[in-house]
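Trainee: Mind having a look at this structure? Questions to follow.
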Amino acid sequence: MATSSFSEQNKIGLGNFGTVYKGKLRDGSIIAVKRATKNMYDRHLSAEFKSEIQTLSKVEHLNLVKFLGYLEHEDERLILVEYVNNGSLREHLDGLRGESLEFSHRLNIAIDIVHAVSYLHGYTDRPIIHRDIKSSNILLTDQLRAKVADFGFARLAPDNTEATHVSTMVKGTAGYVDPEYMRTNHLTDRSDVYSFGVLLVELLTGRRPIERGRGRRQRLTTQWALRKCQDGDAVVAMDTRMRRTSAVVAAVERVMALAAECTAPDRASRPAMRRCAEVLWSIRRDFQEEQQRATAAAAAAGAGARRHDGSTYGPSITSLRSSTG
Ligand SMILES: Nc1ncnc2c1ncn2[C@@H]1O[C@H](COP(=O)(O)OP(=O)(O)O)[C@@H](O)[C@H]1O
Ligand SMILES: [Mg+2]
């Protein structure tokens with residue numbers, strides 16, 4: 001394995017676990033190497049931990065970043081994972097990665113995430129709880145499909161990192177953590193559902209879960225956005241970088257309603273991931289149908305308008321056909 005001795009040039013990020021580097025295996029494949037900062041090799045590999053690592057390396061899904069291995073040597077801890085080349089969802093929402101994401105991209109990304117996480121929750125050996133669903137753990141491919149990173153890793157992270165504004169036992173990222181888990185220290189798959197709900201709101205508003213720079217009413221994005229939706233003002237909460245057609249607004253309202261269910265304070269009233277998938281599929285189906293209808297209607301209106309002018313009659317019929325076919 002080569003990372004050119006962890007040179008600055010190969011550094012791709014910094015997170016809870018430590019620094020992330022780009023590396024190359026002898027067979028030429030590119031990987032990401034997560035290198036733990038020193039002085040946190042406090043624990044030896046317990047049997048339980050080893051079995052967890054073994055489970056993670058068996059897990060395989062199109063929408064999950066493949067876990068390739070774990071190494072511990074002297075004062076180094078390394079996690080090797082598949083490299084995903086188009087940046088994190090957060091970078092895209094921040095406009096750091098070219099064209100902004102349209103609603104249809106965002107909906108596809110949400111569906112990819114839900115597929116990955118429901119796969120983890122239904123994993124045959126035993127359910128795997130992700131524990132750290134957030135926008136920087138969603139990596140995108142060139143086709144803007146999502147791969148979920150760092151499932152089950154939260155346990156490998158050191159205690160008391162800055163990102164964890166909670167008790168030493170609870171792991172996760174501020175703004176995404178299930179309040180019932182914080183209170184009871186008991187983790188279930190519905191804790192992931194809560195984080196997913198926060199992420200859905202982030203995806204539609206473009207805002208971070210906690211917006212420190214804003215006034216009191218807008219600081220907690222989920223609360224603010226869901227309140228707007230309740231008041232019938234979903235449009236106000238929507239990321240201004242998204243095109244807003246009536247089909248988009250109608251679909252956004254439905255996704256927000258799902259986010260409200262996912263972030264219910266009471267864990268028992270949150271839907272399972274499987275159910276979230278069904279809801280999002282149905283929203284996507286209706287959205288696509290509505291969009292096709294709108295395109296056809298616009299083309300028909302265009303054709304009608306041009307019919308007064310005999311010269312464009314022919315071409316407008318052609319464009320109508322191609323847009324509905
Ligand atoms: N497998 C990967 N492929 C490409 N980039 C990655 C990968 N894993 C992490 N990164 C990048 O490195 C950054 C830091 O990752 P990480 O240590 O997991 O912290 P966090 O998820 O909290 O941002 C991420 O935000 C992402 O931009
Ligand atoms: Mg990460």
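Chain labels A, B, ... are given in the sequence in which chains occur in the structure tokens; within each chain residues are numbered consecutively from 1, and ligands are likewise numbered from 1 in the order shown.
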Dump as a tab-separated table the rows for residues of chain A within 8 Å of ligand 1: closest atom pair and distance in Å with one decimal, only C-alpha atoms and all ligand atoms counted, ordered by chain and rising residue number.

Mentor:
residue	atom	partner	partner_atom_place_in_ligand_line	distance
A:Ile12	CA	ligand 1	12 (O)	5.3
A:Gly13	CA	ligand 1	12 (O)	3.6
A:Leu14	CA	ligand 1	14 (C)	4.4
A:Gly15	CA	ligand 1	19 (O)	3.1
A:Asn16	CA	ligand 1	22 (O)	5.3
A:Phe17	CA	ligand 1	17 (O)	5.4
A:Gly18	CA	ligand 1	17 (O)	5.7
A:Thr19	CA	ligand 1	17 (O)	5.9
A:Val20	CA	ligand 1	12 (O)	5.3
A:Tyr21	CA	ligand 1	12 (O)	7.7
A:Lys22	CA	ligand 1	4 (C)	7.5
A:Ile31	CA	ligand 1	1 (N)	7.0
A:Ala32	CA	ligand 1	1 (N)	4.9
A:Val33	CA	ligand 1	1 (N)	7.7
A:Lys34	CA	ligand 1	17 (O)	6.5
A:Val65	CA	ligand 1	1 (N)	6.3
A:Val81	CA	ligand 1	1 (N)	5.5
A:Glu82	CA	ligand 1	1 (N)	5.1
A:Tyr83	CA	ligand 1	3 (N)	3.7
A:Val84	CA	ligand 1	3 (N)	4.0
A:Asn85	CA	ligand 1	4 (C)	5.6
A:Asn86	CA	ligand 1	4 (C)	7.5
A:Gly87	CA	ligand 1	27 (O)	5.4
A:Ser88	CA	ligand 1	27 (O)	5.1
A:Arg90	CA	ligand 1	25 (O)	7.8
A:Glu91	CA	ligand 1	27 (O)	7.5
A:Lys134	CA	ligand 1	21 (O)	7.7
A:Ser135	CA	ligand 1	21 (O)	7.9
A:Ser136	CA	ligand 1	25 (O)	4.6
A:Asn137	CA	ligand 1	21 (O)	4.6
A:Leu139	CA	ligand 1	4 (C)	6.8
A:Ala149	CA	ligand 1	1 (N)	6.6
A:Asp150	CA	ligand 1	18 (O)	6.4

Trainee: Quick one: DSSP alpha helix (DSSP H) residues in segment 30-229 of chain A, as a PyMOL selection string?

Mentor: chain A and resi 47-58+89-93+103-121+179-184+189-205+216-219+221-229

Trainee: In Å to one decimal, how far is atom CA of Val198 of chain A from atom CA of Glu261 of chain A?

Mentor: 10.6 Å

Trainee: Using only C-alpha atoms and all ligand atoms for the distances, tell me which of A:Ile133, A:Ala294, A:Leu101, A:Met238 is nearest to ligand 2.

Mentor: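 Selected residue with least distance to ligand 2: A:Ile133.
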
Trainee: Which residues come within 10 Å of Leu258 of chain A, counting only C-alpha atoms, excluding same-chain residues fewer than 6 positions away, as a list in words?

Mentor: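 Surrounding residues, per the criterion: Gly197, Leu200, Val201, Val252, Arg270, Pro271, Arg275, Cys276, Val279 and Leu280 of chain A.
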
Trainee: So, with only C-alpha atoms as the atoms that count, which of A:Val193, A:Cys262, A:Ile283, A:Val236 lies closest to Asn108 of chain A?

Mentor: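 Of the candidates, the smallest distance to Asn108 of chain A is held by A:Ile283.
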